[in-house]
$ cat work_12.txt   # compact mmCIF, C-alpha atoms and all ligand atoms
# COMPACT_ATOMS: atom_id res chain seq x y z
CA MET A 1 0.00 0.00 0.00
CA GLN A 2 1.33 3.48 -0.94
CA LYS A 3 0.75 6.35 1.51
CA SER A 4 1.16 10.10 1.60
CA GLU A 5 0.00 13.01 3.73
CA ALA A 6 -0.25 16.77 3.59
CA ILE A 7 -1.00 19.46 6.14
CA VAL A 8 -2.39 22.59 4.51
CA SER A 9 -2.54 25.95 6.29
CA VAL A 10 -5.73 27.79 5.35
CA ALA A 11 -7.97 30.36 7.00
CA ASP A 12 -11.14 28.85 8.53
CA ALA A 13 -10.00 25.28 7.89
CA PRO A 14 -13.24 23.57 9.12
CA ALA A 15 -15.27 25.52 6.51
CA GLN A 16 -12.75 24.65 3.77
CA LEU A 17 -12.95 20.99 4.76
CA GLU A 18 -16.76 21.11 4.63
CA GLY A 19 -16.53 22.57 1.11
CA LEU A 20 -14.05 19.89 0.09
CA LEU A 21 -16.29 17.09 1.43
CA GLU A 22 -19.29 18.56 -0.37
CA LEU A 23 -17.38 18.63 -3.66
CA MET A 24 -16.21 15.04 -3.14
CA ARG A 25 -19.80 13.90 -2.58
CA ARG A 26 -20.85 15.70 -5.77
CA HIS A 27 -18.12 13.73 -7.56
CA ASP A 28 -19.70 10.50 -6.24
CA VAL A 29 -17.07 9.88 -3.57
CA VAL A 30 -18.70 8.20 -0.55
CA VAL A 31 -17.73 9.98 2.69
CA THR A 32 -18.01 8.24 6.08
CA GLN A 33 -16.80 9.11 9.58
CA GLU A 34 -14.37 7.15 11.77
CA ASP A 35 -13.47 8.49 15.25
CA GLY A 36 -14.23 12.08 14.23
CA VAL A 37 -12.19 11.82 11.02
CA HIS A 38 -13.89 11.98 7.60
CA VAL A 39 -13.01 9.12 5.27
CA GLY A 40 -13.38 9.60 1.51
CA HIS A 41 -13.74 6.31 -0.36
CA PHE A 42 -12.31 6.97 -3.83
CA PRO A 43 -12.50 4.26 -6.52
CA SER A 44 -8.72 3.92 -6.22
CA GLY A 45 -8.13 4.28 -2.45
CA GLN A 46 -8.99 6.21 0.70
CA ALA A 47 -8.44 9.67 2.16
CA HIS A 48 -8.65 10.47 5.89
CA LEU A 49 -9.50 14.15 6.30
CA SER A 50 -9.71 16.38 9.37
CA ALA A 51 -9.41 20.07 10.25
CA SER A 52 -8.26 22.15 13.20
CA ALA A 53 -8.66 25.95 13.33
CA GLU A 54 -6.19 26.76 10.54
CA ARG A 55 -5.04 23.42 9.15
CA VAL A 56 -6.60 20.81 6.93
CA GLU A 57 -4.92 17.42 7.34
CA MET A 58 -5.11 14.85 4.57
CA ARG A 59 -3.79 11.27 4.81
CA ILE A 60 -4.22 9.09 1.77
CA GLU A 61 -3.52 5.50 0.81
CA ALA A 62 -3.86 3.52 -2.41
CA PRO A 63 -2.53 0.26 -3.87
CA ASP A 64 -0.04 1.91 -6.26
CA MET A 65 1.50 5.28 -7.18
CA THR A 66 -0.90 5.86 -10.11
CA ALA A 67 -3.89 5.47 -7.80
CA LEU A 68 -2.20 7.56 -5.08
CA ASN A 69 -1.47 10.42 -7.50
CA ALA A 70 -5.06 10.25 -8.80
CA ILE A 71 -6.33 10.94 -5.25
CA LYS A 72 -3.76 13.73 -4.78
CA LEU A 73 -4.94 15.30 -8.05
CA GLU A 74 -8.57 15.20 -6.92
CA LEU A 75 -7.88 16.58 -3.42
CA THR A 76 -5.37 19.22 -4.54
CA GLY A 77 -7.70 20.48 -7.30
CA SER A 78 -10.83 20.39 -5.14
CA LEU A 79 -9.30 22.10 -2.09
CA THR A 80 -7.78 24.81 -4.30
CA TYR A 81 -11.18 25.30 -5.95
CA VAL A 82 -12.96 25.54 -2.59
CA TYR A 83 -10.35 27.93 -1.15
CA GLY A 84 -10.51 30.09 -4.27
CA GLN A 85 -6.77 30.74 -4.53
CA GLU A 86 -3.55 28.88 -5.25
CA LEU A 87 -2.44 26.61 -2.38
CA ASN A 88 0.99 25.21 -1.71
CA ILE A 89 0.17 21.59 -0.86
CA ASP A 90 3.26 19.65 0.11
CA TRP A 91 2.47 15.92 -0.15
CA SER A 92 4.98 13.70 1.68
CA GLY A 93 7.06 11.03 -0.11
CA GLY A 94 7.42 10.12 -3.80
CA THR A 95 6.83 13.64 -5.07
CA ASP A 96 8.98 13.13 -8.18
CA VAL A 97 6.97 10.15 -9.40
CA ARG A 98 4.93 10.99 -12.53
CA THR A 99 1.96 8.79 -13.39
CA PRO A 100 -0.62 8.79 -16.24
CA LEU A 101 -3.44 11.32 -15.95
CA PRO A 102 -6.57 9.50 -14.79
CA LYS A 103 -9.60 10.13 -17.01
CA LEU A 104 -7.35 10.33 -20.09
CA CYS A 105 -7.74 7.81 -22.90
CA VAL A 106 -5.54 7.65 -25.97
CA LEU A 107 -7.70 7.17 -29.07
CA THR A 108 -6.72 5.89 -32.51
CA VAL A 109 -8.91 6.55 -35.53
CA GLN A 110 -10.34 3.27 -36.77
CA SER A 111 -12.83 4.45 -39.40
CA VAL A 112 -14.40 7.59 -40.84
CA GLU A 113 -17.98 7.74 -42.11
CA GLN A 114 -19.67 10.71 -43.78
CA LEU A 115 -23.17 10.64 -42.21
CA THR A 116 -24.47 13.74 -44.03
CA PRO A 117 -22.67 16.47 -46.03
CA HIS A 118 -21.60 18.30 -42.83
CA MET A 119 -21.52 15.53 -40.22
CA ARG A 120 -18.68 13.06 -39.97
CA ARG A 121 -18.69 10.06 -37.63
CA ILE A 122 -15.22 9.02 -36.51
CA THR A 123 -14.88 5.71 -34.71
CA PHE A 124 -11.84 5.42 -32.46
CA SER A 125 -10.34 2.47 -30.66
CA GLY A 126 -9.18 2.99 -27.08
CA ASP A 127 -8.69 1.33 -23.70
CA ASN A 128 -10.82 1.60 -20.56
CA LEU A 129 -13.88 3.04 -22.29
CA ILE A 130 -16.32 1.72 -19.71
CA ARG A 131 -16.76 5.03 -17.89
CA PHE A 132 -17.75 6.72 -21.19
CA ALA A 133 -20.60 4.22 -21.67
CA GLU A 134 -22.66 5.71 -18.78
CA ASN A 135 -25.68 7.53 -20.20
CA SER A 136 -25.55 10.11 -17.41
CA ASN A 137 -22.25 11.60 -18.65
CA LEU A 138 -22.57 12.63 -22.27
CA HIS A 139 -19.53 14.78 -22.85
CA MET A 140 -15.76 14.80 -22.83
CA ARG A 141 -12.87 16.88 -24.09
CA LEU A 142 -10.75 15.84 -27.04
CA ALA A 143 -7.08 16.84 -27.21
CA PHE A 144 -5.87 17.48 -30.77
CA PRO A 145 -2.14 17.74 -31.56
CA ASP A 146 -3.02 20.50 -34.10
CA GLY A 147 0.27 21.03 -35.85
CA ALA A 148 2.52 19.06 -33.48
CA VAL A 149 3.90 15.81 -34.87
CA ASP A 150 3.12 13.76 -31.75
CA LEU A 151 0.40 14.26 -29.21
CA PRO A 152 2.09 15.21 -25.92
CA LEU A 153 0.48 13.38 -23.00
CA PRO A 154 -0.02 15.09 -19.65
CA MET A 155 1.00 13.27 -16.45
CA VAL A 156 0.24 13.78 -12.76
CA ASN A 157 3.20 14.56 -10.53
CA GLY A 158 3.58 13.62 -6.89
CA ARG A 159 2.32 17.07 -5.89
CA GLY A 160 -1.07 16.23 -7.39
CA ARG A 161 -0.59 18.60 -10.32
CA VAL A 162 -0.92 18.06 -14.08
CA VAL A 163 2.43 18.37 -15.87
CA TRP A 164 3.33 18.29 -19.56
CA PRO A 165 6.49 16.96 -21.20
CA GLU A 166 9.11 19.70 -21.27
CA GLY A 167 9.08 21.82 -24.43
CA ALA A 168 5.94 20.09 -25.73
CA LYS A 169 3.50 21.99 -27.90
CA MET A 170 0.26 21.87 -25.93
CA PRO A 171 -2.62 20.09 -27.62
CA VAL A 172 -5.82 22.04 -28.25
CA LEU A 173 -8.85 20.95 -26.23
CA ARG A 174 -12.41 20.96 -27.58
CA LYS A 175 -15.62 19.63 -26.06
CA TYR A 176 -17.48 16.86 -27.87
CA THR A 177 -20.19 14.30 -27.17
CA VAL A 178 -19.70 10.58 -26.79
CA ARG A 179 -22.16 9.42 -29.46
CA LYS A 180 -21.72 5.66 -29.00
CA VAL A 181 -19.51 3.30 -27.03
CA ASP A 182 -19.07 -0.34 -27.99
CA LEU A 183 -17.31 -2.04 -25.11
CA GLU A 184 -17.03 -5.36 -26.94
CA SER A 185 -15.01 -3.91 -29.81
CA GLY A 186 -13.36 -1.27 -27.57
CA THR A 187 -14.53 1.61 -29.75
CA VAL A 188 -16.11 5.02 -29.26
CA ALA A 189 -17.86 7.07 -31.97
CA VAL A 190 -17.88 10.87 -32.11
CA ASP A 191 -19.95 12.87 -34.62
CA PHE A 192 -18.11 16.00 -35.77
CA VAL A 193 -19.77 18.96 -37.46
CA LEU A 194 -17.64 20.11 -40.41
CA HIS A 195 -18.25 23.83 -40.08
CA ASP A 196 -17.06 26.95 -41.94
CA ASP A 197 -14.15 28.81 -40.38
CA ALA A 198 -12.88 25.40 -39.20
CA GLY A 199 -10.95 25.29 -35.92
CA PRO A 200 -8.74 22.44 -34.67
CA GLY A 201 -11.72 20.12 -33.96
CA SER A 202 -13.43 20.52 -37.31
CA ARG A 203 -10.05 20.53 -39.13
CA PHE A 204 -9.06 17.25 -37.50
CA ALA A 205 -12.36 15.62 -38.48
CA ALA A 206 -12.12 16.82 -42.08
CA ALA A 207 -8.65 15.30 -42.53
CA ALA A 208 -8.86 12.25 -40.20
CA ARG A 209 -7.34 8.99 -41.43
CA PRO A 210 -7.20 5.56 -39.78
CA GLY A 211 -4.21 5.48 -37.42
CA ASP A 212 -4.39 9.18 -36.38
CA VAL A 213 -4.01 9.59 -32.62
CA ILE A 214 -5.76 12.02 -30.28
CA ALA A 215 -6.72 11.84 -26.58
CA MET A 216 -10.04 11.95 -24.75
CA ILE A 217 -10.47 13.34 -21.22
CA GLY A 218 -13.60 12.81 -19.17
CA PRO A 219 -16.44 12.07 -19.19
CA GLY A 220 -18.45 14.95 -17.70
CA GLY A 221 -21.60 16.98 -18.18
CA LEU A 222 -25.19 16.21 -17.44
CA THR A 223 -28.01 14.69 -19.41
CA ALA A 224 -31.77 15.39 -19.38
CA ALA A 225 -33.48 14.57 -16.09
CA ALA A 226 -36.41 12.14 -16.03
CA ALA A 227 -39.81 13.79 -16.60
CA ASP A 228 -43.33 12.97 -17.83
CA TRP A 229 -42.68 15.18 -20.87
CA LEU A 230 -39.31 16.10 -22.28
CA LEU A 231 -38.37 18.85 -24.71
CA LEU A 232 -35.00 18.49 -26.45
CA ALA A 233 -33.69 21.29 -28.64
CA GLY A 234 -30.44 21.99 -30.43
CA ASP A 235 -28.53 22.69 -33.61
CA GLU A 236 -26.26 20.18 -35.35
CA THR A 237 -23.60 20.38 -32.60
CA ALA A 238 -26.26 19.08 -30.18
CA LEU A 239 -27.54 16.42 -32.58
CA PRO A 240 -25.10 13.75 -31.27
CA ALA A 241 -26.29 14.40 -27.70
CA ILE A 242 -29.97 14.45 -28.71
CA GLY A 243 -29.48 11.18 -30.63
CA ARG A 244 -27.88 9.56 -27.61
CA ILE A 245 -30.47 10.89 -25.15
CA LEU A 246 -33.32 9.60 -27.37
CA GLU A 247 -31.73 6.15 -27.63
CA GLY A 248 -31.40 5.96 -23.84
CA LEU A 249 -35.03 6.89 -23.03
CA PRO A 250 -37.52 4.28 -21.80
CA PRO A 251 -40.04 3.19 -24.50
CA THR A 252 -42.83 5.00 -22.62
CA ALA A 253 -41.09 8.41 -22.75
CA ARG A 254 -43.03 11.29 -24.30
CA GLY A 255 -41.86 14.59 -25.69
CA VAL A 256 -40.56 16.49 -28.67
CA ALA A 257 -37.13 17.25 -30.14
CA PHE A 258 -36.51 20.38 -32.25
CA ILE A 259 -33.33 20.06 -34.29
CA GLU A 260 -31.98 22.92 -36.40
CA VAL A 261 -29.90 21.88 -39.44
CA ALA A 262 -28.92 23.45 -42.77
CA GLY A 263 -31.56 21.54 -44.75
CA PRO A 264 -33.16 18.14 -45.48
CA SER A 265 -29.83 16.58 -46.50
CA GLU A 266 -28.53 17.06 -42.92
CA GLU A 267 -31.37 15.08 -41.30
CA GLN A 268 -30.47 11.74 -39.72
CA PRO A 269 -32.62 8.76 -38.83
CA LEU A 270 -32.96 8.77 -35.02
CA VAL A 271 -33.97 5.82 -32.86
CA ARG A 272 -36.63 7.09 -30.44
CA PRO A 273 -39.62 6.06 -28.32
CA ASP A 274 -42.99 5.96 -30.17
CA GLY A 275 -44.35 8.86 -28.11
CA PHE A 276 -41.52 11.17 -29.11
CA ASP A 277 -41.79 13.61 -32.04
CA VAL A 278 -38.73 14.81 -33.89
CA LYS A 279 -39.15 18.09 -35.78
CA TRP A 280 -36.36 19.20 -38.12
CA LEU A 281 -35.97 22.95 -38.56
CA HIS A 282 -34.21 23.98 -41.78
CA ARG A 283 -32.09 27.09 -42.11
CA ASN A 284 -32.74 27.14 -45.84
CA GLY A 285 -29.58 28.99 -46.79
CA ALA A 286 -29.13 31.10 -43.63
CA ALA A 287 -25.76 30.70 -41.89
CA SER A 288 -25.59 28.59 -38.73
CA GLY A 289 -25.84 30.63 -35.55
CA THR A 290 -27.96 33.36 -37.18
CA THR A 291 -31.56 32.13 -36.99
CA ALA A 292 -34.31 32.19 -34.36
CA LEU A 293 -35.70 28.81 -35.44
CA LEU A 294 -35.16 27.06 -32.10
CA ILE A 295 -36.60 29.77 -29.86
CA GLU A 296 -39.59 30.22 -32.17
CA ALA A 297 -40.31 26.47 -32.07
CA ILE A 298 -39.95 26.35 -28.28
CA ARG A 299 -42.13 29.43 -27.83
CA ALA A 300 -44.86 27.85 -29.97
CA ALA A 301 -44.64 24.43 -28.27
CA ASP A 302 -47.57 23.21 -26.17
CA PHE A 303 -46.13 22.33 -22.79
CA PRO A 304 -48.47 19.85 -21.05
CA ALA A 305 -50.52 21.41 -18.26
CA GLU A 306 -50.08 18.36 -16.03
CA GLY A 307 -47.14 16.18 -15.08
CA SER A 308 -43.46 17.03 -14.86
CA VAL A 309 -41.55 18.73 -17.67
CA PHE A 310 -37.83 18.91 -18.41
CA VAL A 311 -36.15 20.98 -21.13
CA TRP A 312 -32.68 20.12 -22.43
CA ALA A 313 -31.25 22.53 -25.01
CA ALA A 314 -27.83 23.22 -26.49
CA ALA A 315 -26.95 25.54 -29.35
CA GLU A 316 -25.06 28.66 -30.42
CA PHE A 317 -24.67 31.31 -27.70
CA GLU A 318 -27.42 33.71 -28.88
CA ALA A 319 -29.91 30.86 -29.27
CA PHE A 320 -28.91 29.55 -25.83
CA ARG A 321 -29.49 33.00 -24.32
CA SER A 322 -32.93 33.47 -25.85
CA ILE A 323 -34.04 29.95 -24.86
CA ARG A 324 -32.84 30.35 -21.28
CA THR A 325 -34.55 33.73 -20.91
CA HIS A 326 -37.81 32.38 -22.37
CA LEU A 327 -37.84 29.34 -20.06
CA ARG A 328 -37.11 31.40 -16.97
CA LYS A 329 -39.20 34.48 -17.61
CA GLU A 330 -42.07 33.39 -19.87
CA ARG A 331 -42.51 29.74 -18.89
CA GLY A 332 -41.43 30.16 -15.26
CA LEU A 333 -39.57 26.85 -15.41
CA SER A 334 -37.44 26.29 -12.31
CA ALA A 335 -33.68 25.74 -12.63
CA ASP A 336 -33.94 22.03 -11.77
CA ARG A 337 -36.38 21.49 -14.70
CA GLN A 338 -34.03 22.72 -17.41
CA LEU A 339 -30.50 22.36 -18.72
CA VAL A 340 -29.68 24.96 -21.36
CA VAL A 341 -26.09 25.23 -22.59
CA ALA A 342 -24.13 27.24 -25.19
CA TYR A 343 -22.17 24.75 -27.30
CA TRP A 344 -20.37 27.34 -29.42
CA ARG A 345 -20.34 31.05 -30.12
CA LYS A 346 -20.35 32.64 -33.54
CA GLY A 347 -17.07 34.48 -34.14
CA SER A 348 -15.28 32.97 -31.07
CA THR A 349 -13.15 29.87 -30.77
CA GLU A 350 -13.94 27.61 -27.83
CA ASP A 351 -10.92 29.00 -25.94
CA GLU A 352 -12.15 32.59 -26.42
CA MET A 353 -15.67 31.59 -25.43
CA GLY A 354 -14.35 29.96 -22.24
CA LYS A 355 -12.50 33.14 -21.27
CA ALA A 356 -15.56 35.29 -21.85
CA HIS A 357 -17.59 33.39 -19.20
C1 LIG A 401 -20.61 19.93 -24.01
C2 LIG A 401 -20.40 20.14 -25.49
C3 LIG A 401 -20.58 19.08 -26.37
C4 LIG A 401 -20.38 19.26 -27.75
N1 LIG A 401 -20.54 18.20 -28.60
C5 LIG A 401 -20.27 18.34 -29.93
C6 LIG A 401 -20.34 17.23 -30.84
O1 LIG A 401 -20.61 16.10 -30.44
N2 LIG A 401 -20.07 17.46 -32.15
C7 LIG A 401 -19.72 18.71 -32.63
O2 LIG A 401 -19.46 18.85 -33.83
N3 LIG A 401 -19.65 19.77 -31.79
C8 LIG A 401 -19.90 19.62 -30.46
N4 LIG A 401 -19.79 20.68 -29.62
C9 LIG A 401 -19.47 22.00 -30.19
C10 LIG A 401 -17.97 22.17 -30.45
O3 LIG A 401 -17.25 22.01 -29.25
C11 LIG A 401 -17.73 23.58 -31.01
O4 LIG A 401 -18.39 23.74 -32.24
C12 LIG A 401 -16.25 23.89 -31.14
O5 LIG A 401 -16.12 25.28 -31.28
C13 LIG A 401 -15.62 23.21 -32.34
O6 LIG A 401 -14.24 23.45 -32.28
P1 LIG A 401 -13.38 23.88 -33.55
O7 LIG A 401 -11.97 23.66 -33.15
O8 LIG A 401 -13.90 23.19 -34.77
O9 LIG A 401 -13.69 25.42 -33.72
P2 LIG A 401 -13.14 26.64 -32.81
O10 LIG A 401 -11.67 26.76 -32.92
O11 LIG A 401 -13.72 26.54 -31.44
O12 LIG A 401 -13.82 27.88 -33.56
C14 LIG A 401 -13.36 28.35 -34.83
C15 LIG A 401 -14.47 29.17 -35.49
O13 LIG A 401 -15.54 28.30 -35.86
C16 LIG A 401 -16.78 28.78 -35.37
N5 LIG A 401 -17.63 27.62 -35.05
C17 LIG A 401 -17.50 26.73 -34.03
N6 LIG A 401 -18.45 25.79 -34.08
C18 LIG A 401 -19.21 26.10 -35.16
C19 LIG A 401 -20.36 25.51 -35.74
N7 LIG A 401 -20.94 24.41 -35.24
N8 LIG A 401 -20.88 26.09 -36.86
C20 LIG A 401 -20.33 27.20 -37.41
N9 LIG A 401 -19.24 27.80 -36.89
C21 LIG A 401 -18.69 27.25 -35.78
C22 LIG A 401 -16.41 29.62 -34.15
O14 LIG A 401 -17.39 30.61 -33.90
C23 LIG A 401 -15.08 30.23 -34.57
O15 LIG A 401 -15.30 31.40 -35.33
C24 LIG A 401 -20.00 20.53 -28.25
C25 LIG A 401 -19.82 21.60 -27.35
C26 LIG A 401 -20.03 21.41 -25.99
C27 LIG A 401 -19.84 22.57 -25.04
$ encode --input "work_12.txt" --output "structure tokens"
Amino acid sequence: MQKSEAIVSVADAPAQLEGLLELMRRHDVVVTQEDGVHVGHFPSGQAHLSASAERVEMRIEAPDMTALNAIKLELTGSLTYVYGQELNIDWSGGTDVRTPLPKLCVLTVQSVEQLTPHMRRITFSGDNLIRFAENSNLHMRLAFPDGAVDLPLPMVNGRGRVVWPEGAKMPVLRKYTVRKVDLESGTVAVDFVLHDDAGPGSRFAAAARPGDVIAMIGPGGLTAAAADWLLLAGDETALPAIGRILEGLPPTARGVAFIEVAGPSEEQPLVRPDGFDVKWLHRNGAASGTTALLIEAIRAADFPAEGSVFVWAAAEFEAFRSIRTHLRKERGLSADRQLVVAYWRKGSTEDEMGKAH
């Protein structure tokens, strides 16, 4: 068994520890108590956590260094997040040991299929895909070498921090949806929109060949909550998520999906419950990210008067904003009955969009 400990000096340590425990629970870590000490049961090991007035004490153990560093990464990141400023966390022992980043999967392109003129399905082979098969976590980040010859792979150091090979050109990260996982063949499929003004994600998809290597980090993100009636809405970037949500619904599910695409040639056959309508909205020559098709369809939709409702929507930033405002102000839908997300922003790369929010 590998062990390490750290004593961190912080103001109001009991409150910081409470915040840390809350975050761990939200990340599905079971927390119990033993003799006044909190014990976090991570998939890879355990953490014993306690606080005095100005010190948080963390003692961790795991079967090997990879598992130990994974716990350090989680605790270091979470405590820093809770505290709201950089912390110098000095873990004892083995601090120069670098181990693979947990949640990272190396993917190799296996096949490329043109689903519609602007949608390309790329099937990748990779190891340990099981966690991406959960229907509750739809999304992940892809790391593209974008110009570098080899994809540099990040590691975790013994201080619980992510480190990159020295001198490496950083890969570019973009968010995508896990469209399908086939655990038997060890493959994962991602549907890429081939858009104008292509960035690293779209560029990679347009040129992908069997044997190309990228990395996948995750999964993360939320799906639609269960409800008596479900409204799904999105443009083509949300089509992979809508397709996956529809496939995962029980046969009795009822609702409607509004999907904005360029035109009829971008429609896809979608497996869905009998009680679910799919309505395709065509831009008919207008550029993506410039229409009000989604908000108009949602505004005109008949929400059932009885039973629970959930709205899941993802689209360009302006569409996202109008949908969110409509649901809050005109429909009075509470925050726990909706998940509305901006998937991209016209005129901004994903990095610029991230900085703006
Ligand atoms: C949680 C989540 C899941 C997502 N899932 C998917 C998915 O499964 N498939 C998918 O294709 N996309 C998906 N997206 C959207 C995707 O991340 C963005 O479109 C991203 O900007 C693409 O990266 P890029 O490198 O091609 O372009 P960037 O470098 O980010 O941007 C370059 C330029 O292209 C423009 N642009 C970006 N996207 C589009 C678009 N769709 N149409 C027209 N112009 C665009 C930008 O405004 C910018 O001007 C998802 C986004 C999120 C947040």
$ residues_near_ligand --input "work_12.txt" --ligand "ligand LIG 401 (chain A)" --cutoff "7 Å" --atoms "all atoms listed in the file" --output "MDAnalysis selection string"
chainID A and resid 139 174:179 190:203 221 236:238 240:241 288:289 342:351
$ write_last_selection --input "work_12.txt" --atoms "C-alpha atoms" --output "compact mmCIF listing (two decimals), in the frame of the given file"
# COMPACT_ATOMS: atom_id res chain seq x y z
CA HIS A 139 -19.53 14.78 -22.85
CA ARG A 174 -12.41 20.96 -27.58
CA LYS A 175 -15.62 19.63 -26.06
CA TYR A 176 -17.48 16.86 -27.87
CA THR A 177 -20.19 14.30 -27.17
CA VAL A 178 -19.70 10.58 -26.79
CA ARG A 179 -22.16 9.42 -29.46
CA VAL A 190 -17.88 10.87 -32.11
CA ASP A 191 -19.95 12.87 -34.62
CA PHE A 192 -18.11 16.00 -35.77
CA VAL A 193 -19.77 18.96 -37.46
CA LEU A 194 -17.64 20.11 -40.41
CA HIS A 195 -18.25 23.83 -40.08
CA ASP A 196 -17.06 26.95 -41.94
CA ASP A 197 -14.15 28.81 -40.38
CA ALA A 198 -12.88 25.40 -39.20
CA GLY A 199 -10.95 25.29 -35.92
CA PRO A 200 -8.74 22.44 -34.67
CA GLY A 201 -11.72 20.12 -33.96
CA SER A 202 -13.43 20.52 -37.31
CA ARG A 203 -10.05 20.53 -39.13
CA GLY A 221 -21.60 16.98 -18.18
CA GLU A 236 -26.26 20.18 -35.35
CA THR A 237 -23.60 20.38 -32.60
CA ALA A 238 -26.26 19.08 -30.18
CA PRO A 240 -25.10 13.75 -31.27
CA ALA A 241 -26.29 14.40 -27.70
CA SER A 288 -25.59 28.59 -38.73
CA GLY A 289 -25.84 30.63 -35.55
CA ALA A 342 -24.13 27.24 -25.19
CA TYR A 343 -22.17 24.75 -27.30
CA TRP A 344 -20.37 27.34 -29.42
CA ARG A 345 -20.34 31.05 -30.12
CA LYS A 346 -20.35 32.64 -33.54
CA GLY A 347 -17.07 34.48 -34.14
CA SER A 348 -15.28 32.97 -31.07
CA THR A 349 -13.15 29.87 -30.77
CA GLU A 350 -13.94 27.61 -27.83
CA ASP A 351 -10.92 29.00 -25.94
$ atom_distance --input "work_12.txt" --atom1 "atom CA of A:Ser52" --atom2 "atom CA of A:Val31"
18.7 Å
$ atom_distance --input "work_12.txt" --atom1 "atom CA of A:Gln114" --atom2 "atom CA of A:Ala257"
23.1 Å
$ atom_distance --input "work_12.txt" --atom1 "atom CA of A:Leu101" --atom2 "atom CA of A:Leu20"
21.1 Å
$ closest_atom_pairs --input "work_12.txt" --of "stretch 126-186 of chain A" --to "stretch 66-83 of chain A" --cutoff "8 Å" --atoms "all atoms listed in the file" --output "tab-separated table"
residue	atom	partner	partner_atom	distance
A:Val156	CA	A:Asn69	CA	6.5
A:Asn157	CA	A:Asn69	CA	6.9
A:Gly158	CA	A:Asn69	CA	6.0
A:Arg159	CA	A:Lys72	CA	7.0
A:Gly160	CA	A:Leu73	CA	4.0
A:Arg161	CA	A:Leu73	CA	5.9
A:Val162	CA	A:Leu73	CA	7.8
$ write_last_selection --input "work_12.txt" --atoms "C-alpha atoms" --output "PDB file, in the coordinates of the input"
ATOM      1  CA  VAL A 156       0.240  13.780 -12.760  1.00  0.00           C
ATOM      2  CA  ASN A 157       3.200  14.560 -10.530  1.00  0.00           C
ATOM      3  CA  GLY A 158       3.580  13.620  -6.890  1.00  0.00           C
ATOM      4  CA  ARG A 159       2.320  17.070  -5.890  1.00  0.00           C
ATOM      5  CA  GLY A 160      -1.070  16.230  -7.390  1.00  0.00           C
ATOM      6  CA  ARG A 161      -0.590  18.600 -10.320  1.00  0.00           C
ATOM      7  CA  VAL A 162      -0.920  18.060 -14.080  1.00  0.00           C
TER       8      VAL A 162
END
$ residues_around --input "work_12.txt" --residues "A:Ser9" --least-positions-apart "6" --cutoff "12 Å" --atoms "all atoms listed in the file" --output "list in words"
Gln16, Leu17, Ala51, Ser52, Ala53, Glu54, Arg55, Val56, Glu57, Met58, Leu79, Thr80, Tyr83, Glu86, Leu87, Asn88, Ile89 and Asp90 of chain A
$ write_last_selection --input "work_12.txt" --atoms "C-alpha atoms" --output "PDB file, in the frame of the given file"
ATOM      1  CA  GLN A  16     -12.750  24.650   3.770  1.00  0.00           C
ATOM      2  CA  LEU A  17     -12.950  20.990   4.760  1.00  0.00           C
ATOM      3  CA  ALA A  51      -9.410  20.070  10.250  1.00  0.00           C
ATOM      4  CA  SER A  52      -8.260  22.150  13.200  1.00  0.00           C
ATOM      5  CA  ALA A  53      -8.660  25.950  13.330  1.00  0.00           C
ATOM      6  CA  GLU A  54      -6.190  26.760  10.540  1.00  0.00           C
ATOM      7  CA  ARG A  55      -5.040  23.420   9.150  1.00  0.00           C
ATOM      8  CA  VAL A  56      -6.600  20.810   6.930  1.00  0.00           C
ATOM      9  CA  GLU A  57      -4.920  17.420   7.340  1.00  0.00           C
ATOM     10  CA  MET A  58      -5.110  14.850   4.570  1.00  0.00           C
ATOM     11  CA  LEU A  79      -9.300  22.100  -2.090  1.00  0.00           C
ATOM     12  CA  THR A  80      -7.780  24.810  -4.300  1.00  0.00           C
ATOM     13  CA  TYR A  83     -10.350  27.930  -1.150  1.00  0.00           C
ATOM     14  CA  GLU A  86      -3.550  28.880  -5.250  1.00  0.00           C
ATOM     15  CA  LEU A  87      -2.440  26.610  -2.380  1.00  0.00           C
ATOM     16  CA  ASN A  88       0.990  25.210  -1.710  1.00  0.00           C
ATOM     17  CA  ILE A  89       0.170  21.590  -0.860  1.00  0.00           C
ATOM     18  CA  ASP A  90       3.260  19.650   0.110  1.00  0.00           C
TER      19      ASP A  90
END
$ closest_residue --input "work_12.txt" --among "A:Pro145, A:Pro154, A:Gly186, A:Gly332" --to "A:Pro171" --atoms "all atoms listed in the file"
A:Pro145
$ closest_residue --input "work_12.txt" --among "A:Glu330, A:Glu184, A:Asp302, A:Asp64" --to "A:Thr99" --atoms "all atoms listed in the file"
A:Asp64
$ residues_around --input "work_12.txt" --residues "A:Ala62" --least-positions-apart "2" --cutoff "7 Å" --atoms "all atoms listed in the file" --output "PyMOL selection string"
chain A and resi 1-3+44-46+60+64+67-68
$ write_last_selection --input "work_12.txt" --atoms "C-alpha atoms" --output "compact mmCIF listing (two decimals), in the coordinates of the input"
# COMPACT_ATOMS: atom_id res chain seq x y z
CA MET A 1 0.00 0.00 0.00
CA GLN A 2 1.33 3.48 -0.94
CA LYS A 3 0.75 6.35 1.51
CA SER A 44 -8.72 3.92 -6.22
CA GLY A 45 -8.13 4.28 -2.45
CA GLN A 46 -8.99 6.21 0.70
CA ILE A 60 -4.22 9.09 1.77
CA ASP A 64 -0.04 1.91 -6.26
CA ALA A 67 -3.89 5.47 -7.80
CA LEU A 68 -2.20 7.56 -5.08
$ residues_around --input "work_12.txt" --residues "A:Ala313" --least-positions-apart "3" --cutoff "7 Å" --atoms "only C-alpha atoms" --output "NGL selection string"
:A and (232-234 or 339-341)
$ axis_aligned_box --input "work_12.txt" --around "stretch 195-209 of chain A" --padding-each-side "5 Å" --output "lines of an AutoDock Vina configuration file"
center_x = -12.8
center_y = 18.9
center_z = -38.2
size_x = 20.9
size_y = 29.8
size_z = 18.6
